Amino acid sequence: MKAYKLAAIPGDGIGTEVISAGVEVLEALASRDGGFAFKVDQFDWGGEYYKRHGRMMPENGRDLIRKHDAILFGSAGHPEIPDHITLWGLRLAICQPFDQYANVRPTRVLPGITSPLRHVVDKELDWVIVRENSEGEYAGVGGRVHQGSPLEAATDVSMFTRAGVERIIRFAFKLAQSRPRKLLTVVTKSNAQRHAMVMWDEIAAEIAREFPDVTWDKMLVDAMTMRMVMKPQSIDTVVATNLHADILSDLAAALAGSLGIAPTANLNPERAFPSMFEPIHGSAFDIMGKGIANPIGTFWSAVMLLEHLGEKPAADRLMKAVEKVTADPRFHTPDLGGKARTTDVTAAVIDAIHGAND
């Protein structure tokens with residue numbers, strides 16, 4: 001039997017609620033399958049840890065999780081702590097040193113969930129957005145001078161390297177190649193950002209020659225938002241910069257019905273470091289402790305985690321269980337217009353796992 005080491009980092013807000021649900025579901029899958037098991041290590045890092053220790057995670061935190069097979073992450077964000085401290089102190093403090101440069105965000109309309117777009121059903125909105133996860137506006141290059149004075153100035157430098165752009169564009173082309181439509185849209189803003197984004201465009205054209213079976217097009221990011229709303233059926237796989245894809249993927253989740261159902265994989269494709277899987281909904285402190293957080297985004301993230309570990313049958317079983325549960329309005333949480341509680345959805349998914357056929 002394979003025994004996987006899983007690092008569970010709930011983080012802040014509803015992260016504790018949805019990650020505990022995710023671990024429960026993963027353990028239910030393992031017990032049903034019998035071919036693998038999880039050894040789960042819990043780490044209480046986040047805002048409350050910061051309030052006690054002055055940092056979001058211990059100085060040797062990455063060493064504690066470096067040898068794990070995967071990381072299941074909840075959220076980073078606390079109302080009493082500035083957002084840049086929570087983000088850079090925890091999530092980015094893991095993603096960037098572990099070179100999780102490919103952020104993958106699938107989006108589709110799950111059974112029983114209604115898109116806010118008129119007349120859109122599941123087959124018309126089935127996307128994967130690939131986000132460059134290490135460079136661009138989030139590289140951390142910049143600074144502030146003369147703080148508090150009339151001469152105060154601040155810079156955030158958007159950094160792009162040929163190596164960084166090549167690897168994410170190539171990753172996206174390979175992903176598009178693996179999907180039935182073999183269709184990729186490269187998002188850019190080279191009309192205004194005439195240096196780095198022009199390089200991005202040039203590298204995309206170079207990499208495209210390696211994938212003659214993939215149909216690709218290029219679109220400015222502002223026009224892409226309109227295309228996502230007006231012509232969702234024209235989109236399949238998308239690759240964009242760190243900032244652009246961050247924004248577009250939240251729009252995509254909303255168009256699919258709720259941020260509460262959206263998953264993310266932060267991948268180190270070379271597997272030199274563990275990859276991290278998380279729902280994108282954030283800490284949602286306004287509903288913390290009410291028991292109504294939607295765990296579907298975490299369960300879908302767990303599907304991606306299982307796929308990454310090579311447990312495809314278990315991943316398929318979990319996805320089928322999720323789809324069976326979302327199809328039943330009784331298990332819709334308030335973000336989907338229902339009254340179900342986190343525990344109701346979790347129990348229903350576990351029941352579906354045990355009832356699903358191989």
# chains A, B, ... in the order shown; residues from 1 in each chain; ligands from 1
>>> select_by_dssp(residues="region 61-280 of chain A", states="alpha helix (DSSP H)", output="ChimeraX atom specification")
/A:61-65,83-86,92-95,162-178,196-208,221-230,242-255
>>> select_by_dssp(residues="region 225-315 of chain A", states="strand (DSSP E or B)", output="ChimeraX atom specification")
/A:237-240,263-267,275-279
>>> write_last_selection(atoms="N, CA and C atoms", output="PDB file, in the first residue's frame")
ATOM      1  N   THR A 237      -8.426  26.297 -23.268  1.00  0.00           N
ATOM      2  CA  THR A 237      -7.274  26.473 -22.387  1.00  0.00           C
ATOM      3  C   THR A 237      -6.751  27.903 -22.547  1.00  0.00           C
ATOM      4  N   VAL A 238      -6.368  28.510 -21.429  1.00  0.00           N
ATOM      5  CA  VAL A 238      -5.924  29.901 -21.426  1.00  0.00           C
ATOM      6  C   VAL A 238      -4.608  29.974 -20.659  1.00  0.00           C
ATOM      7  N   VAL A 239      -3.669  30.767 -21.150  1.00  0.00           N
ATOM      8  CA  VAL A 239      -2.455  31.027 -20.380  1.00  0.00           C
ATOM      9  C   VAL A 239      -2.285  32.538 -20.265  1.00  0.00           C
ATOM     10  N   ALA A 240      -1.938  32.985 -19.060  1.00  0.00           N
ATOM     11  CA  ALA A 240      -1.808  34.418 -18.812  1.00  0.00           C
ATOM     12  C   ALA A 240      -0.789  34.656 -17.717  1.00  0.00           C
ATOM     13  N   PRO A 263     -11.310  25.371  -7.775  1.00  0.00           N
ATOM     14  CA  PRO A 263     -10.074  24.781  -7.248  1.00  0.00           C
ATOM     15  C   PRO A 263      -8.827  25.393  -7.864  1.00  0.00           C
ATOM     16  N   THR A 264      -7.697  25.097  -7.250  1.00  0.00           N
ATOM     17  CA  THR A 264      -6.404  25.529  -7.777  1.00  0.00           C
ATOM     18  C   THR A 264      -5.343  24.477  -7.478  1.00  0.00           C
ATOM     19  N   ALA A 265      -4.452  24.289  -8.443  1.00  0.00           N
ATOM     20  CA  ALA A 265      -3.233  23.522  -8.209  1.00  0.00           C
ATOM     21  C   ALA A 265      -2.043  24.439  -8.452  1.00  0.00           C
ATOM     22  N   ASN A 266      -1.171  24.538  -7.457  1.00  0.00           N
ATOM     23  CA  ASN A 266       0.105  25.247  -7.609  1.00  0.00           C
ATOM     24  C   ASN A 266       1.169  24.175  -7.827  1.00  0.00           C
ATOM     25  N   LEU A 267       1.575  23.996  -9.084  1.00  0.00           N
ATOM     26  CA  LEU A 267       2.381  22.839  -9.445  1.00  0.00           C
ATOM     27  C   LEU A 267       3.853  23.189  -9.626  1.00  0.00           C
ATOM     28  N   SER A 275       3.881  19.999  -4.557  1.00  0.00           N
ATOM     29  CA  SER A 275       2.913  20.933  -5.116  1.00  0.00           C
ATOM     30  C   SER A 275       1.817  21.193  -4.090  1.00  0.00           C
ATOM     31  N   MET A 276       1.109  22.300  -4.258  1.00  0.00           N
ATOM     32  CA  MET A 276       0.125  22.736  -3.269  1.00  0.00           C
ATOM     33  C   MET A 276      -1.239  22.934  -3.933  1.00  0.00           C
ATOM     34  N   PHE A 277      -2.281  22.494  -3.252  1.00  0.00           N
ATOM     35  CA  PHE A 277      -3.631  22.493  -3.797  1.00  0.00           C
ATOM     36  C   PHE A 277      -4.551  23.247  -2.854  1.00  0.00           C
ATOM     37  N   GLU A 278      -5.372  24.143  -3.425  1.00  0.00           N
ATOM     38  CA  GLU A 278      -6.165  25.031  -2.575  1.00  0.00           C
ATOM     39  C   GLU A 278      -7.421  25.502  -3.292  1.00  0.00           C
ATOM     40  N   PRO A 279      -8.498  25.727  -2.542  1.00  0.00           N
ATOM     41  CA  PRO A 279      -9.653  26.432  -3.111  1.00  0.00           C
ATOM     42  C   PRO A 279      -9.314  27.904  -3.243  1.00  0.00           C
TER      43      PRO A 279
END
>>> residues_around(residues="Gly46 (chain A)", least_positions_apart="2", cutoff="10 Å", atoms="only C-alpha atoms", output="VMD selection string")
chain A and resid 9 to 13 15 43 to 44 48 to 51 55 to 57 74 to 78 86 to 87 89 to 91
>>> write_last_selection(atoms="N, CA and C atoms", output="compact mmCIF listing (two decimals), in the first residue's frame")
# COMPACT_ATOMS: atom_id res chain seq x y z
N ILE A 9 -2.51 22.65 5.72
CA ILE A 9 -2.30 23.99 6.26
C ILE A 9 -3.62 24.75 6.10
N PRO A 10 -4.48 24.74 7.11
CA PRO A 10 -5.79 25.40 6.97
C PRO A 10 -5.69 26.90 6.78
N GLY A 11 -4.71 27.54 7.42
CA GLY A 11 -4.58 28.99 7.30
C GLY A 11 -5.64 29.72 8.10
N ASP A 12 -6.32 30.67 7.46
CA ASP A 12 -7.20 31.58 8.16
C ASP A 12 -8.67 31.40 7.79
N GLY A 13 -9.54 31.98 8.61
CA GLY A 13 -10.97 32.04 8.29
C GLY A 13 -11.58 30.67 8.10
N GLY A 15 -10.75 28.52 6.15
CA GLY A 15 -9.76 27.51 5.77
C GLY A 15 -9.79 26.31 6.70
N PHE A 43 -0.57 21.76 10.24
CA PHE A 43 0.27 22.91 10.58
C PHE A 43 -0.62 24.12 10.82
N ASP A 44 -0.51 24.71 12.01
CA ASP A 44 -1.41 25.79 12.42
C ASP A 44 -0.89 27.17 12.02
N GLU A 48 -3.44 33.67 13.16
CA GLU A 48 -3.35 33.47 14.61
C GLU A 48 -1.93 33.14 15.03
N TYR A 49 -1.24 32.38 14.20
CA TYR A 49 0.18 32.09 14.47
C TYR A 49 0.97 33.39 14.45
N TYR A 50 0.65 34.27 13.51
CA TYR A 50 1.33 35.57 13.41
C TYR A 50 1.11 36.40 14.68
N LYS A 51 -0.10 36.38 15.20
CA LYS A 51 -0.39 37.16 16.39
C LYS A 51 0.39 36.67 17.60
N ARG A 55 5.16 36.20 12.91
CA ARG A 55 5.39 35.71 11.55
C ARG A 55 4.31 34.69 11.21
N MET A 56 4.03 34.51 9.93
CA MET A 56 2.92 33.66 9.50
C MET A 56 3.24 32.17 9.60
N MET A 57 4.50 31.84 9.53
CA MET A 57 4.94 30.44 9.65
C MET A 57 6.32 30.44 10.28
N GLY A 74 -5.57 26.01 2.86
CA GLY A 74 -6.88 26.63 2.98
C GLY A 74 -6.92 28.05 2.45
N SER A 75 -6.41 28.99 3.23
CA SER A 75 -6.44 30.39 2.80
C SER A 75 -5.48 31.20 3.66
N ALA A 76 -5.10 32.37 3.14
CA ALA A 76 -4.28 33.31 3.88
C ALA A 76 -4.97 34.66 3.83
N GLY A 77 -5.28 35.21 4.98
CA GLY A 77 -5.96 36.49 5.04
C GLY A 77 -6.63 36.66 6.39
N HIS A 78 -6.32 37.75 7.08
CA HIS A 78 -6.84 37.97 8.43
C HIS A 78 -7.22 39.44 8.56
N THR A 86 0.04 38.72 5.17
CA THR A 86 -0.48 37.36 5.19
C THR A 86 -0.12 36.62 3.90
N LEU A 87 -0.20 37.32 2.76
CA LEU A 87 0.08 36.66 1.49
C LEU A 87 1.56 36.31 1.35
N GLY A 89 3.77 36.25 3.67
CA GLY A 89 4.29 35.50 4.81
C GLY A 89 3.93 34.04 4.82
N LEU A 90 2.95 33.64 3.99
CA LEU A 90 2.53 32.24 4.03
C LEU A 90 2.41 31.65 2.62
N ARG A 91 1.39 32.05 1.87
CA ARG A 91 1.17 31.39 0.59
C ARG A 91 2.34 31.58 -0.37
>>> residues_around(residues="region 206-209 of chain A", least_positions_apart="6", cutoff="9 Å", atoms="only C-alpha atoms", output="ChimeraX atom specification")
/A:166,169-170,173,215-216
>>> write_last_selection(atoms="C-alpha atoms", output="PDB file, in the first residue's frame")
ATOM      1  CA  GLU A 166       9.091  29.705 -21.926  1.00  0.00           C
ATOM      2  CA  ILE A 169       3.877  28.818 -22.217  1.00  0.00           C
ATOM      3  CA  ARG A 170       5.198  25.333 -22.990  1.00  0.00           C
ATOM      4  CA  PHE A 173       0.594  24.203 -24.856  1.00  0.00           C
ATOM      5  CA  THR A 215      -4.758  25.783 -32.490  1.00  0.00           C
ATOM      6  CA  TRP A 216      -3.889  28.985 -30.690  1.00  0.00           C
TER       7      TRP A 216
END
>>> residues_around(residues="Met288 (chain A)", least_positions_apart="5", cutoff="8 Å", atoms="only C-alpha atoms", output="ChimeraX atom specification")
/A:13-14,283,293
>>> residues_around(residues="Ser178 (chain A)", least_positions_apart="4", cutoff="12 Å", atoms="only C-alpha atoms", output="MDAnalysis selection string")
chainID A and resid 128 171:174 182:184 211 213:214 236:237
>>> residues_around(residues="region 298-312 of chain A", least_positions_apart="4", cutoff="9 Å", atoms="only C-alpha atoms", output="PyMOL selection string")
chain A and resi 4+18-19+21-23+25-26+36+69-74+260-265+267+275-280+294+316-319+322+346+349
>>> write_last_selection(atoms="C-alpha atoms", output="compact mmCIF listing (two decimals), in the first residue's frame")
# COMPACT_ATOMS: atom_id res chain seq x y z
CA TYR A 4 1.38 9.55 1.04
CA VAL A 18 -12.93 23.36 4.48
CA ILE A 19 -9.51 21.76 4.93
CA ALA A 21 -13.60 18.52 5.32
CA GLY A 22 -11.06 17.91 2.55
CA VAL A 23 -8.93 15.67 4.74
CA VAL A 25 -12.98 13.13 2.17
CA LEU A 26 -9.46 12.10 1.16
CA PHE A 36 -3.17 3.96 -0.70
CA ASP A 69 4.07 14.41 -1.25
CA ALA A 70 1.54 17.24 -1.45
CA ILE A 71 0.19 20.23 0.43
CA LEU A 72 -3.50 20.97 1.02
CA PHE A 73 -3.87 24.67 1.75
CA GLY A 74 -6.88 26.63 2.98
CA GLY A 260 -16.87 28.48 -3.47
CA ILE A 261 -16.54 25.72 -6.05
CA ALA A 262 -13.29 26.81 -7.72
CA PRO A 263 -10.07 24.78 -7.25
CA THR A 264 -6.40 25.53 -7.78
CA ALA A 265 -3.23 23.52 -8.21
CA LEU A 267 2.38 22.84 -9.44
CA SER A 275 2.91 20.93 -5.12
CA MET A 276 0.13 22.74 -3.27
CA PHE A 277 -3.63 22.49 -3.80
CA GLU A 278 -6.16 25.03 -2.58
CA PRO A 279 -9.65 26.43 -3.11
CA ILE A 280 -9.56 30.00 -4.40
CA ASN A 294 -18.83 25.62 0.62
CA ASP A 316 -12.35 10.25 -10.97
CA ARG A 317 -14.38 8.70 -8.16
CA LEU A 318 -14.21 11.90 -6.12
CA MET A 319 -15.15 14.09 -9.09
CA VAL A 322 -18.86 15.91 -6.25
CA THR A 346 -19.15 16.64 3.23
CA VAL A 349 -19.84 13.44 -0.84
>>> closest_residue(among="A:Gly355, A:Gly291, A:Gly140, A:Gly148", to="Leu92 (chain A)", atoms="only C-alpha atoms")
A:Gly140
>>> closest_residue(among="A:Arg52, A:Asn268, A:His195, A:His119", to="Ser134 (chain A)", atoms="only C-alpha atoms")
A:Asn268
>>> closest_residue(among="A:Gly47, A:Pro313, A:Gly142, A:Gly297", to="Ser258 (chain A)", atoms="only C-alpha atoms")
A:Gly297
>>> closest_residue(among="A:Lys218, A:Ala93, A:Ala321, A:Ala139", to="Asn60 (chain A)", atoms="only C-alpha atoms")
A:Ala93
